[in-house]
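File shown here: coords24.cif, holding mmCIF, C-alpha atoms.
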```
data_entry
#
loop_
_atom_site.group_PDB
_atom_site.id
_atom_site.type_symbol
_atom_site.label_atom_id
_atom_site.label_comp_id
_atom_site.auth_asym_id
_atom_site.auth_seq_id
_atom_site.Cartn_x
_atom_site.Cartn_y
_atom_site.Cartn_z
ATOM 1 C CA MET A 1002 -54.575 -110.274 83.982
ATOM 2 C CA PRO A 1003 -57.893 -112.048 83.301
ATOM 3 C CA THR A 1004 -60.880 -109.880 82.563
ATOM 4 C CA LYS A 1005 -63.669 -109.723 85.092
ATOM 5 C CA LYS A 1006 -67.076 -110.868 83.896
ATOM 6 C CA PRO A 1007 -69.643 -108.078 83.902
ATOM 7 C CA VAL A 1008 -72.449 -108.361 86.432
ATOM 8 C CA LYS A 1009 -75.695 -109.098 84.604
ATOM 9 C CA THR A 1010 -78.612 -106.915 85.546
ATOM 10 C CA THR A 1011 -82.156 -106.513 84.346
ATOM 11 C CA VAL A 1012 -83.520 -103.000 84.264
ATOM 12 C CA ALA A 1013 -86.670 -101.691 82.631
ATOM 13 C CA ARG A 1014 -86.114 -100.126 79.213
ATOM 14 C CA SER A 1015 -89.679 -99.010 78.530
ATOM 15 C CA ARG A 1016 -92.718 -97.582 80.274
ATOM 16 C CA GLY A 1017 -94.655 -99.966 82.477
ATOM 17 C CA ALA A 1018 -91.913 -102.576 82.718
ATOM 18 C CA GLN A 1019 -90.793 -103.817 86.114
ATOM 19 C CA VAL A 1020 -87.280 -103.720 87.482
ATOM 20 C CA LYS A 1021 -85.782 -106.985 88.652
ATOM 21 C CA LYS A 1022 -83.456 -106.047 91.484
ATOM 22 C CA PRO A 1023 -80.220 -108.080 91.310
ATOM 23 C CA ALA A 1024 -78.879 -109.784 94.399
ATOM 24 C CA PRO A 1025 -76.520 -107.446 96.303
ATOM 25 C CA GLN A 1026 -72.808 -108.185 96.310
ATOM 26 C CA ALA A 1027 -70.765 -107.632 99.440
ATOM 27 C CA GLY A 1028 -68.297 -104.775 99.257
ATOM 28 C CA THR A 1029 -69.751 -103.224 96.100
ATOM 29 C CA VAL A 1030 -71.717 -100.065 95.374
ATOM 30 C CA ARG A 1031 -74.496 -100.040 92.787
ATOM 31 C CA VAL A 1032 -74.449 -97.078 90.403
ATOM 32 C CA ALA A 1033 -76.660 -96.089 87.475
ATOM 33 C CA ALA A 1034 -76.507 -94.020 84.308
ATOM 34 C CA ILE A 1035 -79.725 -92.592 82.874
ATOM 35 C CA GLN A 1036 -80.288 -92.339 79.118
ATOM 36 C CA MET A 1037 -82.829 -89.876 77.736
ATOM 37 C CA ALA A 1038 -83.928 -88.214 74.507
ATOM 38 C CA SER A 1039 -84.806 -84.845 76.014
ATOM 39 C CA GLY A 1040 -86.887 -82.175 74.308
ATOM 40 C CA PRO A 1041 -87.508 -78.439 74.724
ATOM 41 C CA ASN A 1042 -90.074 -78.784 77.547
ATOM 42 C CA VAL A 1043 -88.294 -78.667 80.918
ATOM 43 C CA SER A 1044 -91.248 -80.012 82.931
ATOM 44 C CA ALA A 1045 -91.635 -83.025 80.649
ATOM 45 C CA ASN A 1046 -87.914 -83.767 80.838
ATOM 46 C CA LEU A 1047 -87.914 -83.567 84.635
ATOM 47 C CA ALA A 1048 -90.882 -85.946 84.777
ATOM 48 C CA GLU A 1049 -89.063 -88.438 82.546
ATOM 49 C CA ALA A 1050 -85.881 -88.098 84.606
ATOM 50 C CA GLU A 1051 -87.866 -88.739 87.778
ATOM 51 C CA ARG A 1052 -89.415 -91.904 86.301
ATOM 52 C CA LEU A 1053 -86.027 -93.263 85.276
ATOM 53 C CA ILE A 1054 -84.387 -92.337 88.590
ATOM 54 C CA GLU A 1055 -87.103 -94.278 90.401
ATOM 55 C CA LEU A 1056 -86.323 -97.339 88.259
ATOM 56 C CA ALA A 1057 -82.652 -97.036 89.170
ATOM 57 C CA VAL A 1058 -83.473 -96.656 92.869
ATOM 58 C CA GLU A 1059 -85.670 -99.772 92.729
ATOM 59 C CA ALA A 1060 -82.660 -101.612 91.287
ATOM 60 C CA GLY A 1061 -80.560 -100.565 94.282
ATOM 61 C CA ALA A 1062 -78.523 -97.680 92.834
ATOM 62 C CA ARG A 1063 -76.919 -95.397 95.420
ATOM 63 C CA MET A 1064 -75.382 -93.004 92.905
ATOM 64 C CA ILE A 1065 -77.230 -92.000 89.735
ATOM 65 C CA VAL A 1066 -75.867 -89.888 86.878
ATOM 66 C CA LEU A 1067 -78.076 -88.023 84.381
ATOM 67 C CA PRO A 1068 -76.985 -87.092 80.824
ATOM 68 C CA GLU A 1069 -75.797 -83.735 79.514
ATOM 69 C CA PHE A 1070 -78.614 -81.156 79.364
ATOM 70 C CA PHE A 1071 -81.067 -83.779 80.640
ATOM 71 C CA CYS A 1072 -83.455 -80.938 81.458
ATOM 72 C CA ILE A 1073 -83.583 -79.347 77.994
ATOM 73 C CA MET A 1074 -82.565 -80.004 74.421
ATOM 74 C CA GLY A 1075 -83.904 -76.837 72.833
ATOM 75 C CA MET A 1076 -85.129 -76.100 69.334
ATOM 76 C CA LYS A 1077 -82.591 -73.260 69.278
ATOM 77 C CA ASP A 1078 -79.929 -71.770 71.552
ATOM 78 C CA ALA A 1079 -82.323 -69.127 72.874
ATOM 79 C CA ASP A 1080 -84.487 -71.871 74.415
ATOM 80 C CA VAL A 1081 -81.580 -72.963 76.597
ATOM 81 C CA VAL A 1082 -80.669 -69.392 77.585
ATOM 82 C CA ARG A 1083 -84.306 -68.727 78.520
ATOM 83 C CA VAL A 1084 -84.326 -71.439 81.215
ATOM 84 C CA ARG A 1085 -80.848 -70.843 82.653
ATOM 85 C CA GLU A 1086 -80.691 -70.556 86.429
ATOM 86 C CA ALA A 1087 -78.556 -68.864 89.053
ATOM 87 C CA GLU A 1088 -76.656 -71.347 91.201
ATOM 88 C CA GLY A 1089 -78.878 -72.479 94.067
ATOM 89 C CA HIS A 1090 -82.111 -71.192 92.545
ATOM 90 C CA GLY A 1091 -84.654 -72.453 90.041
ATOM 91 C CA PRO A 1092 -86.905 -75.444 89.340
ATOM 92 C CA ILE A 1093 -84.227 -77.646 87.764
ATOM 93 C CA GLN A 1094 -81.900 -77.429 90.755
ATOM 94 C CA ALA A 1095 -84.838 -77.752 93.166
ATOM 95 C CA PHE A 1096 -85.804 -80.981 91.387
ATOM 96 C CA LEU A 1097 -82.294 -82.407 91.718
ATOM 97 C CA ALA A 1098 -81.998 -81.507 95.412
ATOM 98 C CA ARG A 1099 -85.470 -82.810 96.246
ATOM 99 C CA THR A 1100 -84.973 -86.067 94.340
ATOM 100 C CA ALA A 1101 -81.580 -86.814 95.913
ATOM 101 C CA LYS A 1102 -83.014 -86.247 99.391
ATOM 102 C CA LYS A 1103 -86.214 -88.191 98.716
ATOM 103 C CA HIS A 1104 -84.359 -91.316 97.593
ATOM 104 C CA HIS A 1105 -81.333 -90.839 99.844
ATOM 105 C CA ILE A 1106 -78.956 -91.087 96.873
ATOM 106 C CA TRP A 1107 -76.065 -89.194 95.359
ATOM 107 C CA LEU A 1108 -77.412 -87.599 92.203
ATOM 108 C CA VAL A 1109 -75.292 -86.100 89.427
ATOM 109 C CA GLY A 1110 -77.310 -83.638 87.360
ATOM 110 C CA GLY A 1111 -75.426 -84.427 84.142
ATOM 111 C CA SER A 1112 -75.522 -80.802 83.166
ATOM 112 C CA VAL A 1113 -77.762 -77.813 83.838
ATOM 113 C CA PRO A 1114 -77.711 -74.414 82.086
ATOM 114 C CA LEU A 1115 -76.553 -71.884 84.669
ATOM 115 C CA GLU A 1116 -75.985 -68.158 84.374
ATOM 116 C CA ALA A 1117 -72.939 -66.937 82.460
ATOM 117 C CA SER A 1118 -71.224 -63.550 82.459
ATOM 118 C CA THR A 1119 -73.066 -62.568 79.273
ATOM 119 C CA ALA A 1120 -76.810 -62.465 78.670
ATOM 120 C CA ASN A 1121 -76.873 -64.726 75.600
ATOM 121 C CA LYS A 1122 -74.809 -67.624 76.985
ATOM 122 C CA VAL A 1123 -74.929 -70.279 79.693
ATOM 123 C CA ARG A 1124 -72.495 -72.287 81.760
ATOM 124 C CA ASN A 1125 -72.870 -76.000 81.027
ATOM 125 C CA SER A 1126 -72.683 -77.107 84.658
ATOM 126 C CA CYS A 1127 -72.471 -80.598 86.141
ATOM 127 C CA LEU A 1128 -74.040 -80.432 89.616
ATOM 128 C CA VAL A 1129 -73.603 -83.095 92.301
ATOM 129 C CA TYR A 1130 -76.014 -83.559 95.208
ATOM 130 C CA ASP A 1131 -75.511 -85.836 98.196
ATOM 131 C CA GLU A 1132 -78.119 -87.983 99.944
ATOM 132 C CA ARG A 1133 -79.262 -84.989 102.031
ATOM 133 C CA GLY A 1134 -80.078 -83.047 98.885
ATOM 134 C CA LYS A 1135 -77.125 -80.698 99.398
ATOM 135 C CA LEU A 1136 -75.090 -79.375 96.477
ATOM 136 C CA VAL A 1137 -71.574 -80.665 97.085
ATOM 137 C CA ALA A 1138 -69.839 -79.799 93.803
ATOM 138 C CA ARG A 1139 -70.187 -77.920 90.535
ATOM 139 C CA TYR A 1140 -68.091 -78.398 87.405
ATOM 140 C CA ASP A 1141 -68.436 -76.120 84.368
ATOM 141 C CA LYS A 1142 -67.647 -77.819 81.052
ATOM 142 C CA ILE A 1143 -64.238 -76.657 79.825
ATOM 143 C CA HIS A 1144 -63.970 -77.978 76.260
ATOM 144 C CA LEU A 1145 -66.591 -76.737 73.783
ATOM 145 C CA PHE A 1146 -67.580 -78.901 70.840
ATOM 146 C CA GLY A 1147 -67.155 -77.690 67.275
ATOM 147 C CA LEU A 1148 -67.826 -79.725 64.134
ATOM 148 C CA ASP A 1149 -68.155 -78.902 60.450
ATOM 149 C CA LEU A 1150 -68.969 -81.926 58.303
ATOM 150 C CA GLY A 1151 -70.762 -80.698 55.206
ATOM 151 C CA ASN A 1152 -74.393 -80.430 56.269
ATOM 152 C CA GLU A 1153 -73.639 -81.026 59.962
ATOM 153 C CA HIS A 1154 -72.466 -78.001 61.966
ATOM 154 C CA TYR A 1155 -72.044 -77.432 65.708
ATOM 155 C CA GLN A 1156 -70.431 -74.524 67.518
ATOM 156 C CA GLU A 1157 -71.023 -74.760 71.265
ATOM 157 C CA ALA A 1158 -68.980 -71.611 71.865
ATOM 158 C CA LYS A 1159 -71.905 -69.591 70.509
ATOM 159 C CA LEU A 1160 -74.064 -70.734 73.442
ATOM 160 C CA ILE A 1161 -71.706 -71.871 76.204
ATOM 161 C CA GLU A 1162 -69.178 -69.975 78.290
ATOM 162 C CA PRO A 1163 -66.361 -72.399 79.198
ATOM 163 C CA GLY A 1164 -65.236 -73.261 82.690
ATOM 164 C CA ASP A 1165 -61.627 -73.100 83.805
ATOM 165 C CA LYS A 1166 -61.335 -75.471 86.737
ATOM 166 C CA VAL A 1167 -60.978 -79.242 87.174
ATOM 167 C CA VAL A 1168 -63.216 -80.654 89.914
ATOM 168 C CA VAL A 1169 -62.946 -83.892 91.888
ATOM 169 C CA ILE A 1170 -65.016 -84.951 94.891
ATOM 170 C CA ASN A 1171 -64.184 -87.114 97.875
ATOM 171 C CA SER A 1172 -67.349 -89.186 98.222
ATOM 172 C CA PRO A 1173 -68.450 -92.292 100.163
ATOM 173 C CA PHE A 1174 -67.927 -94.250 96.927
ATOM 174 C CA GLY A 1175 -64.401 -93.056 96.190
ATOM 175 C CA ARG A 1176 -62.915 -89.997 94.540
ATOM 176 C CA ILE A 1177 -65.097 -88.831 91.647
ATOM 177 C CA GLY A 1178 -63.809 -86.793 88.698
ATOM 178 C CA LEU A 1179 -66.331 -84.636 86.827
ATOM 179 C CA SER A 1180 -66.415 -84.021 83.080
ATOM 180 C CA VAL A 1181 -68.990 -83.373 80.353
ATOM 181 C CA CYS A 1182 -69.238 -84.820 76.825
ATOM 182 C CA TYR A 1183 -66.577 -83.194 74.583
ATOM 183 C CA ASP A 1184 -64.153 -83.163 77.548
ATOM 184 C CA LEU A 1185 -63.818 -86.887 76.827
ATOM 185 C CA ARG A 1186 -61.473 -86.166 73.899
ATOM 186 C CA PHE A 1187 -58.883 -84.469 76.119
ATOM 187 C CA PRO A 1188 -57.030 -87.040 78.258
ATOM 188 C CA GLU A 1189 -54.945 -84.330 79.940
ATOM 189 C CA LEU A 1190 -58.096 -83.223 81.786
ATOM 190 C CA TYR A 1191 -58.315 -86.604 83.507
ATOM 191 C CA ARG A 1192 -54.573 -86.705 84.162
ATOM 192 C CA ALA A 1193 -55.009 -83.449 86.058
ATOM 193 C CA MET A 1194 -57.463 -85.202 88.393
ATOM 194 C CA PRO A 1195 -55.544 -86.521 91.407
ATOM 195 C CA ASP A 1196 -56.205 -90.185 92.255
ATOM 196 C CA VAL A 1197 -59.714 -90.532 90.807
ATOM 197 C CA ASP A 1198 -61.576 -93.804 91.307
ATOM 198 C CA ILE A 1199 -64.703 -92.933 89.307
ATOM 199 C CA ILE A 1200 -65.074 -90.673 86.282
ATOM 200 C CA VAL A 1201 -68.471 -89.395 85.160
ATOM 201 C CA VAL A 1202 -69.016 -88.282 81.563
ATOM 202 C CA PRO A 1203 -72.615 -87.116 80.977
ATOM 203 C CA SER A 1204 -72.889 -86.677 77.213
ATOM 204 C CA ALA A 1205 -74.942 -85.766 74.168
ATOM 205 C CA PHE A 1206 -72.661 -87.075 71.411
ATOM 206 C CA THR A 1207 -73.929 -86.643 67.871
ATOM 207 C CA ALA A 1208 -74.894 -89.804 66.011
ATOM 208 C CA THR A 1209 -71.957 -89.281 63.639
ATOM 209 C CA THR A 1210 -69.170 -88.766 66.162
ATOM 210 C CA GLY A 1211 -70.710 -91.184 68.642
ATOM 211 C CA ARG A 1212 -70.709 -94.105 66.226
ATOM 212 C CA ALA A 1213 -67.090 -93.424 65.378
ATOM 213 C CA HIS A 1214 -65.566 -92.667 68.760
ATOM 214 C CA PHE A 1215 -67.789 -92.799 71.867
ATOM 215 C CA GLU A 1216 -67.114 -96.353 73.074
ATOM 216 C CA THR A 1217 -63.424 -96.168 72.162
ATOM 217 C CA LEU A 1218 -62.913 -92.952 74.127
ATOM 218 C CA ILE A 1219 -64.924 -94.111 77.156
ATOM 219 C CA ARG A 1220 -62.995 -97.360 77.417
ATOM 220 C CA ALA A 1221 -59.674 -95.580 76.863
ATOM 221 C CA ARG A 1222 -60.334 -93.173 79.731
ATOM 222 C CA ALA A 1223 -61.215 -96.129 81.979
ATOM 223 C CA ILE A 1224 -58.123 -98.137 81.031
ATOM 224 C CA GLU A 1225 -55.552 -95.360 81.191
ATOM 225 C CA ASN A 1226 -56.817 -94.127 84.578
ATOM 226 C CA LEU A 1227 -57.677 -97.594 85.941
ATOM 227 C CA ALA A 1228 -60.983 -96.016 86.906
ATOM 228 C CA TYR A 1229 -64.657 -96.806 86.604
ATOM 229 C CA VAL A 1230 -66.372 -94.609 84.017
ATOM 230 C CA ILE A 1231 -70.086 -93.801 84.224
ATOM 231 C CA ALA A 1232 -71.239 -92.392 80.895
ATOM 232 C CA PRO A 1233 -74.944 -91.492 80.613
ATOM 233 C CA ALA A 1234 -75.984 -90.060 77.270
ATOM 234 C CA GLN A 1235 -78.727 -88.507 75.240
ATOM 235 C CA GLY A 1236 -79.837 -91.174 72.789
ATOM 236 C CA GLY A 1237 -82.387 -90.749 70.019
ATOM 237 C CA TYR A 1238 -84.132 -88.194 67.844
ATOM 238 C CA HIS A 1239 -84.924 -84.772 69.283
ATOM 239 C CA LEU A 1240 -87.648 -82.325 68.263
ATOM 240 C CA SER A 1241 -84.974 -79.944 67.007
ATOM 241 C CA GLY A 1242 -84.055 -82.512 64.335
ATOM 242 C CA ARG A 1243 -80.825 -83.458 66.070
ATOM 243 C CA GLU A 1244 -79.938 -87.129 66.488
ATOM 244 C CA THR A 1245 -77.802 -88.181 69.447
ATOM 245 C CA HIS A 1246 -75.829 -91.394 69.664
ATOM 246 C CA GLY A 1247 -76.875 -92.876 73.011
ATOM 247 C CA ASP A 1248 -75.007 -96.073 73.981
ATOM 248 C CA SER A 1249 -74.866 -95.085 77.645
ATOM 249 C CA MET A 1250 -72.489 -97.392 79.450
ATOM 250 C CA ILE A 1251 -70.631 -98.156 82.661
ATOM 251 C CA VAL A 1252 -67.078 -99.421 82.161
ATOM 252 C CA ASP A 1253 -64.754 -100.975 84.722
ATOM 253 C CA PRO A 1254 -61.031 -100.128 85.236
ATOM 254 C CA TRP A 1255 -59.975 -102.956 82.909
ATOM 255 C CA GLY A 1256 -62.065 -101.517 80.075
ATOM 256 C CA VAL A 1257 -64.886 -104.055 80.363
ATOM 257 C CA VAL A 1258 -68.339 -102.689 79.525
ATOM 258 C CA LEU A 1259 -70.461 -103.777 82.491
ATOM 259 C CA ASP A 1260 -73.782 -102.576 81.109
ATOM 260 C CA ARG A 1261 -74.973 -100.439 78.205
ATOM 261 C CA LEU A 1262 -78.097 -99.174 76.456
ATOM 262 C CA PRO A 1263 -77.741 -98.526 72.715
ATOM 263 C CA ARG A 1264 -80.841 -96.396 72.170
ATOM 264 C CA GLY A 1265 -83.870 -94.757 73.788
ATOM 265 C CA SER A 1266 -84.783 -93.868 77.357
ATOM 266 C CA GLY A 1267 -83.706 -96.238 80.095
ATOM 267 C CA VAL A 1268 -81.305 -97.165 82.858
ATOM 268 C CA VAL A 1269 -77.798 -98.643 82.763
ATOM 269 C CA ILE A 1270 -76.702 -100.171 86.042
ATOM 270 C CA ALA A 1271 -73.627 -101.919 87.460
ATOM 271 C CA ASN A 1272 -71.622 -102.596 90.606
ATOM 272 C CA ILE A 1273 -68.489 -100.679 91.504
ATOM 273 C CA ASN A 1274 -66.052 -102.922 93.346
ATOM 274 C CA PRO A 1275 -63.269 -101.007 95.166
ATOM 275 C CA ALA A 1276 -61.399 -104.192 96.082
ATOM 276 C CA TYR A 1277 -61.275 -105.307 92.445
ATOM 277 C CA GLN A 1278 -60.068 -101.861 91.406
ATOM 278 C CA ALA A 1279 -57.361 -101.901 94.073
ATOM 279 C CA SER A 1280 -56.184 -105.346 92.910
ATOM 280 C CA LEU A 1281 -55.890 -104.127 89.311
ATOM 281 C CA ARG A 1282 -53.914 -101.072 90.365
ATOM 282 C CA LYS A 1283 -51.605 -103.267 92.417
ATOM 283 C CA SER A 1284 -51.075 -105.747 89.571
ATOM 284 C CA LEU A 1285 -50.605 -103.025 86.955
ATOM 285 C CA PRO A 1286 -49.309 -99.896 88.765
ATOM 286 C CA ALA A 1287 -49.329 -97.804 85.583
ATOM 287 C CA LEU A 1288 -50.418 -94.694 87.463
ATOM 288 C CA LYS A 1289 -47.201 -94.881 89.490
ATOM 289 C CA HIS A 1290 -45.110 -95.282 86.352
ATOM 290 C CA ARG A 1291 -45.951 -91.846 84.957
ATOM 291 C CA PHE A 1292 -42.988 -89.529 84.526
ATOM 292 C CA ILE A 1293 -44.338 -86.937 82.080
ATOM 293 C CA GLN A 1294 -46.522 -84.547 84.025
ATOM 294 C CA CYS A 1295 -49.289 -82.582 82.336
ATOM 295 C CA GLN A 1296 -49.390 -78.878 83.036
ATOM 296 C CA GLN A 1297 -52.320 -78.561 85.383
ATOM 297 C CA ILE A 1298 -54.918 -75.876 85.526
ATOM 298 C CA GLU A 1299 -56.516 -75.120 88.862
ATOM 299 C CA VAL A 1300 -57.986 -78.198 90.540
ATOM 300 C CA ASP A 1301 -60.752 -78.168 93.145
ATOM 301 C CA VAL A 1302 -60.756 -81.185 95.466
ATOM 302 C CA VAL A 1303 -64.132 -81.021 97.183
ATOM 303 C CA GLU A 1304 -64.618 -82.442 100.666
ATOM 304 C CA ARG A 1305 -68.235 -83.080 101.576
ATOM 305 C CA ARG A 1306 -69.291 -81.226 104.686
ATOM 306 C CA VAL A 1307 -70.808 -83.725 107.093
ATOM 307 C CA PRO A 1308 -73.005 -82.259 109.845
ATOM 308 C CA ALA A 1309 -71.558 -82.329 113.338
ATOM 309 C CA LYS A 1310 -73.230 -84.677 115.826
ATOM 310 C CA ARG A 1311 -74.839 -83.843 119.137
ATOM 311 C CA LEU A 1312 -76.410 -86.106 121.764
ATOM 312 C CA SER A 1313 -80.162 -86.601 121.525
ATOM 313 C CA PRO A 1314 -82.294 -85.032 124.304
ATOM 314 C CA THR A 1315 -83.001 -88.522 125.671
ATOM 315 C CA GLY A 1316 -79.323 -89.352 125.935
ATOM 316 C CA GLY A 1317 -79.474 -91.953 123.180
ATOM 317 C CA GLU A 1318 -77.661 -92.041 119.835
ATOM 318 C CA PRO A 1319 -76.125 -88.809 118.514
ATOM 319 C CA VAL A 1320 -78.258 -86.912 116.020
ATOM 320 C CA ALA A 1321 -77.259 -84.551 113.216
ATOM 321 C CA LYS A 1322 -77.452 -80.855 113.848
#
```
Just dump the structure as structure tokens.
Amino acid sequence: MPTKKPVKTTVARSRGAQVKKPAPQAGTVRVAAIQMASGPNVSANLAEAERLIELAVEAGARMIVLPEFFCIMGMKDADVVRVREAEGHGPIQAFLARTAKKHHIWLVGGSVPLEASTANKVRNSCLVYDERGKLVARYDKIHLFGLDLGNEHYQEAKLIEPGDKVVVINSPFGRIGLSVCYDLRFPELYRAMPDVDIIVVPSAFTATTGRAHFETLIRARAIENLAYVIAPAQGGYHLSGRETHGDSMIVDPWGVVLDRLPRGSGVVIANINPAYQASLRKSLPALKHRFIQCQQIEVDVVERRVPAKRLSPTGGEPVAK
């Protein structure tokens, strides 16, 4: 099977630059991944996210995915706990809903700190909003990162309460499977997702583990599931002293990297081509050849609720209720 050439795009990487919108391709959907180097100030992070989302919209993106904890990378765990929100309430979620509606896009809020069952922890929650600004799905990160490499230590379990449910969404762009960062190392999570076309992996990989494994794991998840993978990341130095790997990328079902950004704030953009994906799955029906089934935890398959239609008062086209 020959590899498909990636679509070349030009997207601004720095402040003040202009976006050159590529020519549209029939039958494709343009998607974007946002890379950031977030800090402890929520308002500043939201402003930067808004700027980058606008660049992606100018380039024609209809679905945009933000990185893990795009809204805050705190100096300490308490900073993250301090800004956690109840589902459906708070400035971070209001920003996501308002922005999705304003630009008429699907917006994946990479992850947001939401309330947990204990006062000193958060849920690391991936929130998905449709073009009306409605929350259509929530996934709480299941796998919690732990690393002990000499002078480099991470224990997410001290801050984060894990989720326990796999979530996939039936969207206008195909079936989307949700995951966050460290989930990427656990292929059984993705095998538990029924018939996914697109996988999102908002991340904040460390510089150490990212250099070693990020691209390999992203491309592996794309290849083994014959799915597009959208992987926005934190990428750079943070005020806390942490360094994240970056290298946000969008990968096609054959494992081809369509676009990437090694470092710094910016936008990664590419076309998703359902016909190309279908042809690959027909030529290499590996998903139908599976005979070892993973034990599945509970799976939520989310159907978007579309408003019912009623006739307009003038008797013209139906309008949404």
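For the choices A:Gly1147, A:Gly1111, A:Gly1075, A:Gly1175, the atom-to-atom distance to Thr1207 (chain A) is smallest for A:Gly1147 when using only C-alpha atoms.
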Show which residues sit within 8 Å of region 1056-1071 of chain A, as a PyMOL selection string. Count only C-alpha atoms, and ignore same-chain residues fewer than 3 positions away.
chain A and resi 1012-1013+1020-1023+1030-1037+1039+1046-1047+1050+1052-1053+1074+1104-1114+1125+1181-1182+1201+1203-1205+1231-1235+1268+1270
Quick one: everything within 9 Å of Lys1142 (chain A), counting all atoms listed in the file, minus sequence neighbours fewer than 4 positions away in the same chain. Send it as an NGL selection string.
:A and (1112 or 1124-1127 or 1161-1166 or 1180-1184)
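With distances restricted to only C-alpha atoms, A:Ile1177 is the closest residue to Val1230 (chain A) from A:Ile1177, A:Ile1054, A:Met1194, A:Ala1098.
Counting all atoms listed in the file, the residue from A:Val1167, A:Val1257, A:Leu1281, A:Ile1200 that sits nearest to Glu1299 (chain A) is A:Val1167.
Nearest residue to Arg1243 (chain A), choosing from A:Leu1179, A:Leu1145, A:Tyr1130, A:Met1076 and counting all atoms listed in the file: A:Met1076.
Put simply, the PyMOL selection byres ((chain A and resi 1305) around 12) in this file takes in Trp1107, Val1129, Tyr1130, Asp1131, Glu1132, Arg1133, Lys1135, Leu1136, Val1137, Ala1138, Val1169, Ile1170, Asn1171, Ser1172, Pro1173, Gly1175, Arg1176, Ile1177, Val1302, Val1303, Glu1304, Arg1306, Val1307 and Pro1308 of chain A.
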Which residues would end up in the selection if the PyMOL selection byres ((chain A and resi 1280) around 12) were applied here, given that I need the answer as a list in words?
Met1002, Pro1003, Lys1005, Leu1227, Pro1254, Trp1255, Asn1274, Pro1275, Ala1276, Tyr1277, Gln1278, Ala1279, Leu1281, Arg1282, Lys1283, Ser1284, Leu1285 and Pro1286 of chain A
Some atoms are missing, so please complete region 1243-1254 of chain A with N, CA, C and O atoms and return it as a CSV table (one decimal), keeping the file's coordinate frame.
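After the write, result.csv holds the following:
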```csv
chain,number,residue,atom,x,y,z
A,1243,ARG,N,-82.1,-82.9,65.7
A,1243,ARG,CA,-80.8,-83.5,66.1
A,1243,ARG,C,-81.0,-84.9,66.4
A,1243,ARG,O,-82.0,-85.3,67.0
A,1244,GLU,N,-80.0,-85.7,66.1
A,1244,GLU,CA,-79.9,-87.1,66.5
A,1244,GLU,C,-78.7,-87.3,67.4
A,1244,GLU,O,-77.6,-87.0,67.0
A,1245,THR,N,-78.9,-87.9,68.6
A,1245,THR,CA,-77.8,-88.2,69.4
A,1245,THR,C,-77.5,-89.7,69.5
A,1245,THR,O,-78.4,-90.5,69.2
A,1246,HIS,N,-76.3,-90.0,69.8
A,1246,HIS,CA,-75.8,-91.4,69.7
A,1246,HIS,C,-76.4,-92.4,70.7
A,1246,HIS,O,-76.6,-93.5,70.4
A,1247,GLY,N,-76.5,-91.9,72.0
A,1247,GLY,CA,-76.9,-92.9,73.0
A,1247,GLY,C,-75.7,-93.8,73.4
A,1247,GLY,O,-74.6,-93.3,73.6
A,1248,ASP,N,-76.0,-95.1,73.6
A,1248,ASP,CA,-75.0,-96.1,74.0
A,1248,ASP,C,-74.4,-95.7,75.3
A,1248,ASP,O,-73.2,-95.9,75.6
A,1249,SER,N,-75.3,-95.3,76.3
A,1249,SER,CA,-74.9,-95.1,77.6
A,1249,SER,C,-74.2,-96.4,78.2
A,1249,SER,O,-74.7,-97.5,77.9
A,1250,MET,N,-73.2,-96.2,78.9
A,1250,MET,CA,-72.5,-97.4,79.4
A,1250,MET,C,-71.8,-97.1,80.8
A,1250,MET,O,-71.5,-96.0,81.1
A,1251,ILE,N,-71.5,-98.2,81.5
A,1251,ILE,CA,-70.6,-98.2,82.7
A,1251,ILE,C,-69.5,-99.1,82.4
A,1251,ILE,O,-69.7,-100.3,82.0
A,1252,VAL,N,-68.3,-98.6,82.5
A,1252,VAL,CA,-67.1,-99.4,82.2
A,1252,VAL,C,-66.2,-99.6,83.4
A,1252,VAL,O,-66.0,-98.6,84.2
A,1253,ASP,N,-65.6,-100.8,83.6
A,1253,ASP,CA,-64.8,-101.0,84.7
A,1253,ASP,C,-63.3,-100.6,84.4
A,1253,ASP,O,-63.0,-100.2,83.3
A,1254,PRO,N,-62.4,-100.6,85.4
A,1254,PRO,CA,-61.0,-100.1,85.2
A,1254,PRO,C,-60.2,-101.0,84.3
A,1254,PRO,O,-59.1,-100.5,83.9
```
